[in-house]
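Enquirer: run.tsv is reproduced below (TSV, C-alpha atoms and all ligand atoms).
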```
chain	number	residue	atom	x	y	z
A	1	MET	CA	5.58	9.44	25.33
A	2	LYS	CA	5.95	5.65	25.53
A	3	ILE	CA	5.97	4.25	21.98
A	4	GLY	CA	5.58	0.50	21.51
A	5	ILE	CA	6.61	-0.73	18.08
A	6	LEU	CA	5.36	-4.15	16.98
A	7	GLY	CA	8.07	-5.31	14.62
A	8	SER	CA	11.80	-5.82	14.25
A	9	GLY	CA	12.53	-5.02	10.58
A	10	GLY	CA	13.83	-1.92	8.87
A	11	VAL	CA	10.74	0.16	9.62
A	12	ALA	CA	10.69	-0.71	13.32
A	13	GLN	CA	14.41	-0.01	13.63
A	14	ALA	CA	14.27	3.31	11.74
A	15	LEU	CA	11.25	4.65	13.61
A	16	GLY	CA	12.53	3.30	16.93
A	17	ALA	CA	15.82	5.15	16.50
A	18	GLY	CA	14.02	8.32	15.40
A	19	PHE	CA	11.57	8.35	18.28
A	20	LEU	CA	14.37	7.70	20.79
A	21	GLN	CA	16.28	10.60	19.29
A	22	ARG	CA	13.21	12.80	19.85
A	23	GLY	CA	13.23	11.88	23.54
A	24	HIS	CA	10.43	9.29	23.56
A	25	GLU	CA	10.66	5.99	25.43
A	26	VAL	CA	10.66	3.11	22.93
A	27	MET	CA	10.05	-0.64	23.11
A	28	LEU	CA	10.32	-2.88	20.06
A	29	GLY	CA	8.20	-6.04	20.14
A	30	THR	CA	9.27	-9.15	18.27
A	31	GLY	CA	8.97	-12.92	18.23
A	32	SER	CA	12.71	-13.16	17.55
A	33	PRO	CA	14.57	-10.87	19.99
A	34	ALA	CA	18.03	-12.10	18.89
A	35	LYS	CA	17.45	-10.35	15.55
A	36	LEU	CA	17.66	-7.05	17.41
A	37	ASP	CA	20.91	-7.66	19.31
A	38	ALA	CA	23.00	-5.37	17.09
A	39	TRP	CA	20.34	-2.64	16.95
A	40	ALA	CA	19.79	-2.83	20.71
A	41	SER	CA	23.50	-2.45	21.41
A	42	GLN	CA	23.50	0.70	19.26
A	43	HIS	CA	20.39	2.01	21.06
A	44	PRO	CA	20.86	1.12	24.72
A	45	ALA	CA	17.92	3.28	25.83
A	46	ALA	CA	15.51	1.10	23.85
A	47	ARG	CA	13.61	-1.77	25.41
A	48	ILE	CA	13.08	-5.07	23.59
A	49	GLY	CA	10.16	-7.38	24.40
A	50	SER	CA	7.46	-9.57	22.94
A	51	PHE	CA	4.65	-8.22	20.75
A	52	ALA	CA	2.45	-8.27	23.88
A	53	ASP	CA	5.10	-6.45	25.93
A	54	ALA	CA	5.31	-3.66	23.35
A	55	ALA	CA	1.52	-3.37	23.11
A	56	GLY	CA	1.18	-3.15	26.88
A	57	PHE	CA	4.04	-0.63	27.16
A	58	ALA	CA	2.62	1.70	24.53
A	59	ASP	CA	0.85	4.99	25.08
A	60	ILE	CA	0.87	5.00	21.30
A	61	ALA	CA	1.83	2.00	19.17
A	62	VAL	CA	3.24	1.35	15.71
A	63	LEU	CA	2.46	-1.78	13.69
A	64	ALA	CA	5.49	-2.58	11.52
A	65	VAL	CA	5.25	-6.22	10.46
A	66	LYS	CA	4.88	-8.04	7.18
A	67	GLY	CA	1.42	-7.36	5.74
A	68	HIS	CA	0.49	-11.05	5.71
A	69	ALA	CA	1.19	-11.21	9.47
A	70	ALA	CA	-0.49	-7.94	10.52
A	71	VAL	CA	-3.77	-9.37	11.85
A	72	ALA	CA	-2.05	-12.34	13.52
A	73	VAL	CA	0.51	-10.10	15.24
A	74	VAL	CA	-2.16	-7.79	16.70
A	75	GLN	CA	-4.02	-10.91	17.85
A	76	ALA	CA	-0.82	-12.28	19.43
A	77	ALA	CA	-0.06	-8.93	21.06
A	78	GLY	CA	-3.50	-8.95	22.66
A	79	PRO	CA	-6.02	-6.51	21.24
A	80	GLN	CA	-7.13	-5.73	24.80
A	81	CYS	CA	-3.67	-4.22	25.41
A	82	LEU	CA	-4.24	-1.88	22.46
A	83	ALA	CA	-7.91	-1.04	23.06
A	84	GLY	CA	-8.47	2.71	22.92
A	85	LYS	CA	-4.88	3.34	21.85
A	86	THR	CA	-3.68	4.98	18.66
A	87	VAL	CA	-1.79	2.50	16.46
A	88	LEU	CA	0.13	3.85	13.49
A	89	ASP	CA	-0.18	1.17	10.81
A	90	THR	CA	2.84	1.17	8.50
A	91	THR	CA	1.98	-2.12	6.81
A	92	ASN	CA	1.38	-2.79	3.14
A	93	PRO	CA	-0.58	-5.77	1.81
A	94	ILE	CA	2.21	-6.99	-0.45
A	95	ALA	CA	1.54	-10.43	-1.91
A	96	ASP	CA	4.20	-13.12	-2.15
A	97	ALA	CA	3.81	-13.21	-5.93
A	98	ALA	CA	6.50	-11.46	-7.95
A	99	PRO	CA	6.01	-7.88	-9.19
A	100	VAL	CA	4.68	-7.45	-12.74
A	101	ASP	CA	6.65	-4.93	-14.83
A	102	GLY	CA	7.98	-3.43	-11.60
A	103	VAL	CA	4.51	-3.19	-10.02
A	104	LEU	CA	4.07	-4.98	-6.70
A	105	GLN	CA	1.08	-7.28	-6.32
A	106	PHE	CA	-1.26	-6.84	-3.34
A	107	PHE	CA	-3.29	-9.54	-1.61
A	108	THR	CA	-6.13	-7.02	-1.15
A	109	GLY	CA	-8.50	-5.88	-3.90
A	110	PRO	CA	-9.09	-2.29	-5.08
A	111	ASN	CA	-12.17	-1.64	-2.96
A	112	GLU	CA	-10.66	-2.72	0.35
A	113	SER	CA	-7.44	-2.23	2.31
A	114	LEU	CA	-5.36	-3.86	5.00
A	115	LEU	CA	-6.11	-0.96	7.33
A	116	GLU	CA	-9.85	-1.63	6.98
A	117	ARG	CA	-9.29	-5.35	7.63
A	118	LEU	CA	-7.38	-4.50	10.81
A	119	GLN	CA	-9.99	-1.98	11.93
A	120	HIS	CA	-12.78	-4.49	11.29
A	121	ALA	CA	-10.95	-7.27	13.17
A	122	PHE	CA	-10.10	-5.04	16.15
A	123	PRO	CA	-12.83	-2.38	16.45
A	124	ASP	CA	-11.58	-1.05	19.80
A	125	VAL	CA	-8.13	-0.16	18.43
A	126	ARG	CA	-7.67	3.27	16.82
A	127	PHE	CA	-5.65	2.49	13.69
A	128	VAL	CA	-4.12	5.25	11.57
A	129	LYS	CA	-2.35	4.49	8.31
A	130	ALA	CA	1.05	6.22	8.27
A	131	PHE	CA	4.60	5.78	6.99
A	132	ASN	CA	3.60	3.20	4.35
A	133	SER	CA	4.47	5.31	1.28
A	134	VAL	CA	8.24	5.80	1.66
A	135	GLY	CA	11.29	3.64	2.29
A	136	ALA	CA	12.42	3.08	5.85
A	137	GLY	CA	15.60	5.07	5.23
A	138	PHE	CA	13.59	8.27	4.72
A	139	MET	CA	11.05	7.91	7.54
A	140	VAL	CA	13.00	10.09	9.97
A	141	ASP	CA	14.33	13.53	9.02
A	142	PRO	CA	13.58	13.17	5.28
A	143	ASP	CA	15.93	15.54	3.46
A	144	PHE	CA	14.78	16.39	-0.08
A	145	ALA	CA	15.59	19.33	-2.33
A	146	GLY	CA	11.89	20.24	-2.57
A	147	GLY	CA	11.46	20.58	1.19
A	148	PRO	CA	9.59	18.29	3.57
A	149	PRO	CA	7.66	15.55	1.74
A	150	THR	CA	4.05	14.65	2.52
A	151	MET	CA	2.93	11.66	4.57
A	152	PHE	CA	-0.64	10.64	3.81
A	153	ILE	CA	-2.61	9.40	6.80
A	154	CYS	CA	-6.13	8.12	7.40
A	155	GLY	CA	-8.14	6.38	10.08
A	156	ASN	CA	-11.62	6.42	11.57
A	157	ASP	CA	-10.82	8.22	14.82
A	158	ALA	CA	-10.14	11.96	14.50
A	159	ALA	CA	-8.24	12.20	17.80
A	160	ALA	CA	-6.03	9.26	16.80
A	161	ARG	CA	-5.32	10.94	13.45
A	162	GLN	CA	-4.31	14.08	15.35
A	163	ALA	CA	-1.98	12.06	17.60
A	164	ALA	CA	-0.46	10.41	14.54
A	165	ARG	CA	-0.07	13.78	12.82
A	166	THR	CA	1.90	15.10	15.79
A	167	LEU	CA	4.24	12.11	15.78
A	168	VAL	CA	4.78	12.15	12.00
A	169	GLU	CA	5.45	15.90	12.00
A	170	ASN	CA	7.81	15.36	14.93
A	171	VAL	CA	10.13	13.32	12.67
A	172	GLY	CA	10.16	15.87	9.87
A	173	TRP	CA	7.12	15.38	7.61
A	174	GLU	CA	4.22	17.40	6.34
A	175	VAL	CA	0.99	15.50	6.93
A	176	ALA	CA	-2.04	15.20	4.63
A	177	ASP	CA	-4.98	13.87	6.64
A	178	PHE	CA	-7.30	12.13	4.17
A	179	GLY	CA	-10.03	11.15	6.61
A	180	THR	CA	-11.54	7.78	7.40
A	181	ALA	CA	-9.99	4.33	6.99
A	182	THR	CA	-11.59	3.95	3.56
A	183	ALA	CA	-8.90	6.31	2.19
A	184	ALA	CA	-6.37	3.52	2.80
A	185	ARG	CA	-7.69	2.00	-0.46
A	186	ALA	CA	-5.84	4.89	-2.13
A	187	ILE	CA	-2.97	5.40	0.34
A	188	GLU	CA	-1.76	1.78	0.47
A	189	PRO	CA	-1.18	1.62	-3.33
A	190	LEU	CA	1.19	4.60	-3.01
A	191	CYS	CA	3.61	1.90	-1.89
A	192	MET	CA	3.30	0.29	-5.33
A	193	LEU	CA	3.93	3.63	-7.00
A	194	TRP	CA	6.91	4.41	-4.74
A	195	CYS	CA	8.53	1.05	-5.49
A	196	ILE	CA	8.24	1.12	-9.32
A	197	PRO	CA	11.43	3.17	-9.95
A	198	GLY	CA	13.22	1.00	-7.38
A	199	ILE	CA	12.22	-2.34	-8.85
A	200	ALA	CA	12.61	-1.17	-12.46
A	201	ARG	CA	15.76	0.99	-12.20
A	202	ASN	CA	17.11	0.56	-8.65
A	203	GLU	CA	16.09	4.17	-7.83
A	204	TRP	CA	14.85	4.34	-4.25
A	205	THR	CA	15.59	7.96	-3.27
A	206	HIS	CA	12.30	9.81	-3.67
A	207	ALA	CA	9.22	10.74	-1.67
A	208	PHE	CA	5.78	12.18	-2.43
A	209	LYS	CA	4.77	15.78	-1.89
A	210	LEU	CA	1.24	17.17	-2.17
A	211	LEU	CA	1.28	20.55	-3.92
A	212	LYS	CA	-1.61	22.96	-3.56
A	213	ALA	CA	-2.43	25.85	-5.86
A	214	GLY	CA	-1.87	29.24	-4.26
A	301	LIG	N1	10.90	-1.66	4.48
A	301	LIG	C1	10.42	-0.51	4.06
A	301	LIG	O1	11.17	0.36	3.55
A	301	LIG	C2	8.95	-0.22	4.23
A	301	LIG	C3	8.47	1.05	3.90
A	301	LIG	C4	7.11	1.34	4.10
A	301	LIG	C5	6.27	0.37	4.59
A	301	LIG	N2	6.76	-0.88	4.85
A	301	LIG	C6	5.84	-1.89	5.40
A	301	LIG	O2	6.08	-1.92	6.80
A	301	LIG	C7	5.97	-3.24	7.30
A	301	LIG	C8	7.28	-3.65	7.95
A	301	LIG	O3	8.29	-3.68	6.96
A	301	LIG	P1	9.79	-4.10	7.33
A	301	LIG	O4	10.53	-4.05	6.05
A	301	LIG	O5	10.26	-3.31	8.50
A	301	LIG	O6	9.65	-5.57	7.88
A	301	LIG	P2	9.20	-6.95	7.16
A	301	LIG	O7	10.41	-7.68	6.75
A	301	LIG	O8	8.14	-6.69	6.15
A	301	LIG	O9	8.53	-7.69	8.41
A	301	LIG	C9	9.29	-8.06	9.51
A	301	LIG	C10	8.39	-8.16	10.71
A	301	LIG	O10	7.25	-8.96	10.40
A	301	LIG	C11	7.14	-9.99	11.38
A	301	LIG	N3	6.63	-11.21	10.73
A	301	LIG	C12	6.88	-11.64	9.49
A	301	LIG	N4	6.23	-12.80	9.25
A	301	LIG	C13	5.56	-13.09	10.38
A	301	LIG	C14	4.69	-14.14	10.78
A	301	LIG	N5	4.37	-15.12	9.94
A	301	LIG	N6	4.18	-14.12	12.03
A	301	LIG	C15	4.50	-13.12	12.88
A	301	LIG	N7	5.32	-12.08	12.56
A	301	LIG	C16	5.83	-12.07	11.33
A	301	LIG	C17	8.54	-10.21	11.90
A	301	LIG	O11	8.43	-10.78	13.18
A	301	LIG	P3	9.69	-11.04	14.13
A	301	LIG	O12	9.99	-9.72	14.76
A	301	LIG	O13	9.22	-12.04	15.10
A	301	LIG	O14	10.81	-11.53	13.24
A	301	LIG	C18	9.09	-8.81	11.89
A	301	LIG	O15	8.77	-8.10	13.06
A	301	LIG	C19	5.60	-4.12	6.09
A	301	LIG	O16	4.20	-4.32	6.07
A	301	LIG	C20	6.04	-3.29	4.90
A	301	LIG	O17	5.26	-3.54	3.73
A	301	LIG	C21	8.06	-1.19	4.68
```
Could you rewrite the structure in this file as C-alpha cells?
Expert:
Amino acid sequence: MKIGILGSGGVAQALGAGFLQRGHEVMLGTGSPAKLDAWASQHPAARIGSFADAAGFADIAVLAVKGHAAVAVVQAAGPQCLAGKTVLDTTNPIADAAPVDGVLQFFTGPNESLLERLQHAFPDVRFVKAFNSVGAGFMVDPDFAGGPPTMFICGNDAAARQAARTLVENVGWEVADFGTATAARAIEPLCMLWCIPGIARNEWTHAFKLLKAG
C-alpha cells in the first residue's frame, strides 16, 4: 500500500517508520523538508515531498499536522488529490491557550469536532479519526502489561473505517469502531484525558483499553 502522510512531526515520523517496517511504501509531506533530513537518512526507503506530493502519492493518507493547520494543510495539499481516499485524521484541536489544572484547552466546542469540520470542508474525502488518543511513542507496536490497547476510530464512510481498522490493527492495536464522524466529539477529548497525568505528573506511559463484560 502507498501511504502518504501529511506532516513532519512526531506522529508523522512514528507512523511513517511503522508503516515502512510493515512493508508499505511511505511518503511524508511537509512544507519544511529540511526538518526531515535526519529522519530520512534513518529511513532511506521513505520518500519526502510537499503536502500535495504526499496526497497525490497516497492510496491511503494520514493527516498529522497541528490542529490549527489541519484545514489549511488539506486545502494546500489539494482536496482533489484526496477525493475518494481514506484519510486517517490524527489531529487534535488543541488551543494555543495554556492547560488549566493539567487539562488541555480545545478550540472546538463540546458539540462539534475537528473531524467534523474537516469532513464538512472536504465532503469528497473519507476522513477517519484514528491515533489521536495516545502519544506518538506508543502508536506502533504498543507494549502494555494489559495486552493490546484500544484505538477508537470514527468516520462517516464504513469502507474507510474498515480500511483504517486494518491499518491500525496492522501496527498492533485493538480497534473500537464508534461509527459516524459525530463520535469524534467524544474521541477527540480522549487526548485531554490522556495528557492529564503527563502535564500534572510527567507520566506519559499509558494507553486506553475498552473492556467488555463476558
Ligand atoms: N505528538 C503526539 O504524541 C500526538 C499524539 C496524538 C495526536 N497528536 C496530534 O497529531 C497532530 C500532529 O502532531 P505532531 O506532534 O506530530 O506535530 P505538531 O507539532 O502538532 O505539528 C507539526 C506539523 O504541523 C504542520 N504545521 C504546523 N503549523 C502549520 C501551519 N501554520 N501551516 C501549515 N502546516 C503547519 C507542520 O508543517 P511542516 O511539516 O511544514 O513543518 C508539521 O507537519 C497534532 O494535531 C496533534 O495534536 C499528537
Enquirer: So which residues touch range 40-48 of chain A within 10 Å, counting all atoms listed in the file, skipping near sequence neighbours fewer than 6 positions away, as a list of chain:residue names?
Expert: A:Gly4, A:Ile5, A:Ser8, A:Gln13, A:Gly16, A:Ala17, A:Phe19, A:Leu20, A:Gln21, A:His24, A:Glu25, A:Val26, A:Met27, A:Leu28, A:Gly29, A:Thr30, A:Pro33, A:Ala34, A:Ala54, A:Phe57
Enquirer: What does the list of residues within 8 Å of ligand LIG 301 (chain A) look like if you count all atoms listed in the file, written as a PyMOL selection string?
Expert: chain A and resi 6-13+29-33+35+63-70+72-73+90-94+131-137+191
Enquirer: Which distance in Å separates CA of Phe152 in chain A and CA of Ala200 in chain A, to one decimal?
Expert: 24.1 Å
Enquirer: Report the distance between CA of Leu36 in chain A and CA of Gly49 in chain A in Å, rounded to one decimal place.
Expert: 10.3 Å
Enquirer: As an exercise, work out the distance from CA of Phe178 in chain A to CA of Trp194 in chain A in Å and give it to one decimal place.
Expert: 18.5 Å
Enquirer: Restricting the calculation to all atoms listed in the file: of A:Ala164, A:Val125, A:Ala95, A:Leu210, which residue gets closest to Pro149 in chain A?
Expert: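 Using all atoms listed in the file, Pro149 in chain A sits closest to A:Leu210.
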Enquirer: With all atoms listed in the file as the basis for distance, which of A:Lys209, A:Arg185, A:Arg117, A:Lys85 is at the shortest distance from Asp59 in chain A?
Expert: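 The shortest atom-to-atom distance to Asp59 in chain A comes from A:Lys85.
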Enquirer: If we count only C-alpha atoms and set the cut-off at 6 Å, which residues sit around Ala130 in chain A, ignoring sequence neighbours fewer than 5 positions away in its own chain? Please answer as number ranges by chain.
Expert: A: 88-90, 153
Enquirer: Looking at A:Leu114, A:Ala158, A:Ala145, A:Ala163, which one is nearest to Ile60 in chain A, with distances taken over only C-alpha atoms?
Expert: A:Ala163
Enquirer: What's around Phe138 in chain A at 9 Å? Count all atoms listed in the file, leave out sequence neighbours fewer than 3 positions away in its own chain, and write the answer as a PyMOL selection string.
Expert: chain A and resi 14+134-135+141-143+205-207
